[in-house]
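Inspection log for the structure reproduced underneath, given as structure tokens.
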Protein chains: 2
Amino acid sequence: MTFSIHGQAVSRGIAIGRAVLVASSRIDVAHYFIGPEQVREELRRLRQARDAVIAEIEQVQRGLQETASMEAHPELTALLDVHLMLLQDVQLQEGVTHFVQERHYNAEWALTSQLELVAKQFDEMEDPYLRERKADLEQITERLLRSMSGAAPAIMAPTSSQEGERAKGSHGTEDPLVLVAHDLSPADTLQFKRSVFVGFATDVGGKTSHTAIVARSMDIPAVVGARGASQLVRQDDWVVIDGDAGVLIVNPSDIVLAEYGFKQRQGEVERQRLARIKNTPAVTLDGERIELLANIEQPSDTLPALAVSAVGVGLFRTEFLFMGRPSGKLPDEDEQYAAYCAAVEGMHGLPVTIRSVDIGADKPLNRSSRDEHLNPALGLRAIRWSLSEPAMFLTQLRAVLRAAAHGKVNLLIPMLAHLREVQQVKALLAKAREQLDARAAVYGPLRLGAMIEIPAAALALRLFLKHFDFFSIGTNDLIQYTLAIDRVDESVTHLYDPLHPAVLQLVATTIADCRAQGKAVSVCGEMAGDPSMTRLLLGLGLRSFSMHPSQILAVKQQILRADTRKLRAWAQQVIESEDPAALMAN
Amino acid sequence: MTFSIHGQAVSRGIAIGRAVLVASSRIDVAHYFIGPEQVREELRRLRQARDAVIAEIEQVQRGLQETASMEAHPELTALLDVHLMLLQDVQLQEGVTHFVQERHYNAEWALTSQLELVAKQFDEMEDPYLRERKADLEQITERLLRSMSGAAPAIMAPTSSQEGERAKGSHGTEDPLVLVAHDLSPADTLQFKRSVFVGFATDVGGKTSHTAIVARSMDIPAVVGARGASQLVRQDDWVVIDGDAGVLIVNPSDIVLAEYGFKQRQGEVERQRLARIKNTPAVTLDGERIELLANIEQPSDTLPALAVSAVGVGLFRTEFLFMGRPSGKLPDEDEQYAAYCAAVEGMHGLPVTIRSVDIGADKPLNRSSRDEHLNPALGLRAIRWSLSEPAMFLTQLRAVLRAAAHGKVNLLIPMLAHLREVQQVKALLAKAREQLDARAAVYGPLRLGAMIEIPAAALALRLFLKHFDFFSIGTNDLIQYTLAIDRVDESVTHLYDPLHPAVLQLVATTIADCRAQGKAVSVCGEMAGDPSMTRLLLGLGLRSFSMHPSQILAVKQQILRADTRKLRAWAQQVIESEDPAALMAN
């Protein structure tokens with residue numbers, strides 16, 4: 001039966017493929033396809049984990065019998081017996097084995113997929129009490145996952161090559177695959193950058209959620225906020241992702257399939273047309289030269305950046321170094337230095353702006369830490385976290401300083417709101433240089449920049465101006481805080497509005513104040529990569545845009561057609577209007 | 001052994017008493033002392049709940065045996081046996097009975113206290129696996145609590161009289177009592193308004209957390225963010241709460257006790273001195289008349305408001321009608337109408353500003369809904385929630401309109417950010433009037449006001465001005481969003497700063513723009529009730545302050561000493577300064 005689920009259009013294009021369901025788990029596990037030759041090894045890892053957990057529980061039981069705890073809580077022993085029964089359940093084991101052998105899921109993915117299946121059976125039970133019992137299953141599963149993470153293989157999947165070639169065949173089907181999940185974890189999103197999927201659909205998320213950003217960065221169609229998708233779509237269902245309309249179509253009829261096939265080819269034609277302006281300089285009709293920079297997430301992203309003639313990296317996110325680490329340890333100075341050098345050298349002399357780590361909110365080191373704070377987006381994240389962990393921050397600063405010996409490096413500080421924080425950053429930067437001097441290490445000069453993404457920073461820009469060489473407006477967070485809208489909470493996405501007069505006012509005054517003081521200013525949020533916003537930003541005086549490489553040509557096309565002299569007065573009208581969206585349509 | 005725990009000073013004064021520990025539970029239960037004559041009834045409720053849960057589980061087991069589920073999951077039956085064992089555990093039962101009989105805790109409190117004790121035993125077990133097992137205990141406890149809530153007694157405790165008289169004796173001790181908890185739930189804070197406690201200490205929270213606001217509203221000393229207090233303090237320990245320094249002193253020595261006793265008496269003298277200006281009109285030295293309004297949380301709060309000569313209610317929070325309802329149902333129109341009338345009539349002709357319900361963030365209807373959204377403060381709350389539940393909102397609007405027939409009533413809308421929301425509010429208000437007309441109900445005229453508490457609203461005030469009769473600046477949320485700081489997250493309270501130049505700028509321009517357009521403007525956040533901010537707000541042109549009644553006299557004292565002509569230029573300097581705090585000290 002054909003049906004469709006409406007969500008948010010977050011990454012353009014059409015994808016057609018078979019659904020692959022990814023179960024969510026409280027532990028942030030990696031999902032990837034293994035090669036046929038790895039099946040034995042994955043099954044061995046599963047057996048080993050099960051044996052280890054059984055041995056642990058048995059040891060606990062023996063310990064209980066030897067101590068007084070036993071008398072106090074006889075029910076504990078009985079409870080442990082239940083968990084041993086669960087671990088030895090044949091049905092559960094066969095299910096997991098099936099996912100490894102037939103679908104070539106890695107062990108962790110197989111385990112959580114089977115958990116999801118059984119959990120669904122529990123959910124269907126009429127009695128609420130039985131439904132709650134699935135918590136025990138989840139605990140056993142977490143215990144198995146933890147046991148496996150002790151001896152985890154390399155995180156990156158070995159089956160799909162680095163260059164993005166689709167590794168067909170290894171996952172047991174020649175059909176293109178579409179990922180359907182409740183939500184993607186930060187580890188998944190890094191993982192899937194090298195995966196075989198042609199499209200994403202998730203139950204939750206908004207236009208600037210992590211899933212959406214990653215989909216755009218991979219330039220594959222995605223729909224988020226498609227409520228219930230992961231429950232309603234079945235494994236292997238054919239689905240169409242209409243990333244332009246924000247619709248997920250399940251089990252499409254032949255007519256629908258044909259129509260979307262046509263649309264898909266049209267998109268390809270448009271893409272080829274854009275490729276023609278790859279080497280055209282980004283200059284407006286009135287001769288204004290515009291800087292088009294790339295946002296990158298890992299050193300290898302410099303290749304797609306150069307492929308579209310980006311003139312530098314405007315935002316190198318360093319979170320990839322800190323996330324999804326099986327060891328749980330922070331990256332050391334040399335590991336970071338190597339990564340930053342790789343990006344700097346990859347850009348062949350063009351400038352690279354490295355942002356200090358922006359962990360927190362929707363990007364915790366591991367998912368369980370989410371529960372600790374009620375509003376992580378308003379909590380200890382980004383520079384706040386860095387300043388509360390000076391040893392960690394100094395390590396990153398030293399690595400960036402050393403990389404600066406190899407090319408033009410800018411350091412960008414996220415989430416600044418207080419002058420005191422600026423002073424602390426500068427003091428720590430001085431200390432990092434001292435530490436490098438003390439061991440006679442080579443390092444280079446840095447330009448220092450501040451993200452303007454908290455309303456307080458935009459409003460009190462005058463306090464910050466003299467302390468920095470450049471500024472970068474992070475529109476995603478700026479909108480989130482100015483409107484008090486969580487950008488990943490789909491119950492309020494209808495209120496998320498980049499064209500709200502208050503948002504436009506903060507963006508406009510930040511650009512104007514920086515220009516008046518002769519400070520470089522760029523926009524690096526989603527707004528910069530949205531071609532429908534290009535003319536407005538040009539009209540407000542912006543001359544530097546940083547975005548994902550996949551957006552650069554579409555934005556350049558807008559620039560080539562623009563005359564900034566004519567846009568200025570119109571932009572002023574837009575930001576003073578009660579209804580900017582109406583004027584934008586003109 | 002004497003030791004002290006440092007936290008945040010959130011409600012001034014000194015309290016000395018014995019610690020009463022309140023366990024936190026995932027279910028938001030009420031905690032109160034029962035009278036000796038109620039012991040039997042509470043024990044009966046406990047027995048009844050236990051019997052009901054046992055019967056439920058046995059029925060589930062029978063159901064399992066009859067269906068195929070049994071074959072699929074034999075471990076389920078075993079698991080249910082464990083839960084039955086837990087329910088029949090003699091040690092657990094005796095503990096609960098003890099709390100009811102000896103300490104006169106209500107049944108729910110006794111149950112969660114015993115859970116906390118046993119959970120501590122589990123926590124002390126060396127094996128992490130055993131520690132996790134306490135989840136089963138928690139589930140049983142929740143099940144019992146749910147069973148009891150079906151037949152819950154009236155929420156309010158019968159032992160302490162409405163007039164705040166300390167009901168000594170009923171709780172088994174003549175000593176004053178200090179409450180120590182991990183955190184207070186919204187239901188608790190309403191509950192404790194009528195309780196016997198002389199002070200609060202909680203592990204978490206910041207200066208504008210719910211706990212802090214309630215403590216100030218009760219005018220009792222409190223320290224929040226006292227990390228580990230609920231773990232380190234033992235039941236019945238003597239403690240001193242130094243609400244001026246933000247310190248909790250446990251088991252104080254005699255010398256320390258004597259010193260704090262002296263401080264306590266000094267505070268009393270200061271209080272008596274303030275009482276002398278109760279009937280003095282709030283007029284500055286240069287003859288400016290200042291409006292001092294009360295924030296109230298329930299109709300009976302009009303008494304303390306009139307006792308300090310408040311000239312009206314500037315903020316009547318209506319959440320008390322929506323929270324801690326055992327039935328889980330929303331209040332109907334007549335219940336709301338009765339409450340609003342009680343407040344309007346209680347003020348004897350003085351104006352009452354009723355704020356539409358501000359549920360969400362730290363005030364969910366019931367606590368379990370917290371988990372659904374990652375950042376509730378940025379989610380569907382206040383007017384956003386009201387507009388998404390039009391039937392609920394219309395009910396409230398009709399009740400307010402009808403109450404307006406009995407006196408001067410203003411309606412205040414919280415969390416507005418978009419012009420569209422304003423239009424929706426006005427349309428629903430028109431519809432509520434139509435509905436009342438249709439049934440020929442009597443209603444009165446309303447003045448309509450908007451809370452300015454989201455940066456977007458302050459920045460785009462020009463869009464809102466013509467649509468409202470008055471404006472009220474909610475500084476707590478305005479600071480929270482402008483600085484991107486969760487005010488209840490203690491890991492970032494050091495960054496929460498009402499004197500941040502950006503915050504002052506928004507407050508200053510909002511006051512100035514309203515005055516320029518002849519619109520009434522008031523401040524109703526914590527800033528209004530802070531005597532150290534009074535001169536600044538006067539200097540910025542504010543002539544209307546709304547605060548908890550307990551703050552009114554201290555603020556009035558500042559007003560009587562102020563000359564607004566001299567404050568204007570100084571206030572301008574403060575808001576333009578890089579370091580306003582330094583200038584404020586002068």
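Starting from 1 in every chain, residues are counted up; chains themselves are A, B, ... following the order of the structure tokens, and ligands are numbered from 1 as listed.
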Select, as a ChimeraX atom specification, those residues of chain A with any atom no more than 6 Å from chain B (distances computed using only C-alpha atoms). /A:75,82,375,378-380,455-456,459-460,481-486,492,502
May I have the residues from that selection written out with N, CA, C and O atoms, as a short mmCIF file (atom, residue, chain, number, x, y, z; two decimals), in the first residue's frame?
data_model
loop_
_atom_site.label_atom_id
_atom_site.label_comp_id
_atom_site.auth_asym_id
_atom_site.auth_seq_id
_atom_site.Cartn_x
_atom_site.Cartn_y
_atom_site.Cartn_z
N GLU A 75 15.58 -11.17 46.44
CA GLU A 75 15.05 -11.02 45.10
C GLU A 75 16.13 -10.67 44.07
O GLU A 75 15.95 -10.85 42.88
N VAL A 82 16.93 -14.13 35.87
CA VAL A 82 16.15 -13.69 34.72
C VAL A 82 17.06 -13.14 33.63
O VAL A 82 16.91 -13.46 32.45
N ASN A 375 18.46 21.63 29.75
CA ASN A 375 18.51 22.42 28.52
C ASN A 375 19.95 22.54 28.03
O ASN A 375 20.58 23.58 28.19
N LEU A 378 21.46 25.55 26.38
CA LEU A 378 21.69 26.73 27.21
C LEU A 378 22.70 26.40 28.31
O LEU A 378 22.76 27.08 29.33
N GLY A 379 23.49 25.37 28.10
CA GLY A 379 24.36 24.90 29.18
C GLY A 379 25.84 25.05 28.90
O GLY A 379 26.28 25.95 28.17
N LEU A 380 26.60 24.13 29.48
CA LEU A 380 28.05 24.21 29.42
C LEU A 380 28.53 23.60 28.12
O LEU A 380 28.86 22.42 28.06
N PRO A 455 22.68 36.08 21.19
CA PRO A 455 22.18 37.46 21.05
C PRO A 455 23.04 38.47 21.81
O PRO A 455 23.31 39.57 21.30
N ALA A 456 23.49 38.10 23.02
CA ALA A 456 24.30 39.02 23.81
C ALA A 456 25.55 39.46 23.06
O ALA A 456 25.98 40.61 23.18
N LEU A 459 24.50 41.94 20.35
CA LEU A 459 24.05 43.21 20.94
C LEU A 459 25.20 43.99 21.55
O LEU A 459 25.20 45.21 21.56
N ALA A 460 26.19 43.28 22.10
CA ALA A 460 27.30 43.96 22.77
C ALA A 460 28.58 43.83 21.94
O ALA A 460 29.68 43.75 22.48
N TYR A 481 18.51 31.16 19.66
CA TYR A 481 18.44 31.88 20.93
C TYR A 481 17.60 33.14 20.83
O TYR A 481 16.87 33.49 21.75
N THR A 482 17.68 33.84 19.70
CA THR A 482 16.92 35.07 19.56
C THR A 482 15.41 34.80 19.61
O THR A 482 14.65 35.56 20.20
N LEU A 483 15.01 33.68 19.01
CA LEU A 483 13.59 33.33 18.99
C LEU A 483 13.21 32.37 20.12
O LEU A 483 12.03 32.04 20.28
N ALA A 484 14.21 31.89 20.88
CA ALA A 484 13.94 30.88 21.92
C ALA A 484 13.27 29.65 21.33
O ALA A 484 12.27 29.15 21.83
N ILE A 485 13.83 29.18 20.22
CA ILE A 485 13.31 28.01 19.52
C ILE A 485 14.43 26.98 19.39
O ILE A 485 15.47 27.26 18.83
N ASP A 486 14.19 25.80 19.93
CA ASP A 486 15.15 24.71 19.74
C ASP A 486 15.06 24.23 18.31
O ASP A 486 14.02 23.78 17.86
N VAL A 492 8.17 22.92 17.59
CA VAL A 492 8.24 24.38 17.41
C VAL A 492 8.93 24.80 16.11
O VAL A 492 9.20 25.98 15.91
N ALA A 502 13.75 40.52 14.05
CA ALA A 502 14.77 40.62 15.09
C ALA A 502 16.07 39.95 14.65
O ALA A 502 17.16 40.46 14.91
#
Please return, as a list in words, all residues of region 260-413 of chain A that DSSP assigns to strand (DSSP E or B) on the basis of the backbone.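 Answer for region 260-413 of chain A restricted to strand (DSSP E or B) is Val283, Arg289, Glu291, Leu292, Leu293, Ala294, Asn295, Ile296, Val313, Gly314, Leu315, Phe316, Arg317, Val352, Thr353, Ile354, Arg355, Gly360, Lys363, Val409, Asn410, Leu411, Leu412 and Ile413 of chain A.
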Can you work out the spacing between CA of Gln298 (chain B) and CA of Leu537 (chain B) in Å, to one decimal?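 Distance reported for this atom pair: 27.3 Å.
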Neighbours of His348 (chain B) within 10 Å (only C-alpha atoms; same-chain residues fewer than 4 positions away dropped), as a ChimeraX atom specification? /B:302,306,312,343-344,406-408
For Val22 (chain B), find every residue with an atom within 9 Å (counting only C-alpha atoms), except residues of its own chain fewer than 2 positions away, and show them as JSON, numbers by chain. {"B": [20, 24, 31, 109, 112, 113, 179, 180, 181, 182, 183, 184, 230]}
Provide the CA of Thr534 (chain A) to CA of Leu248 (chain A) distance in Å, to one decimal place. 28.7 Å
Near-Arg535 (chain A) list (10 Å; only C-alpha atoms; drop same-chain fewer than 5 positions) as a ChimeraX atom specification: /A:540-542,555,558-559,561-564,567-568,570-571,584
All residues 10 Å or closer to Gly17 (chain A), only C-alpha atoms, same chain fewer than 4 positions away omitted, as a ChimeraX atom specification: /A:175-179,197-199,236-241
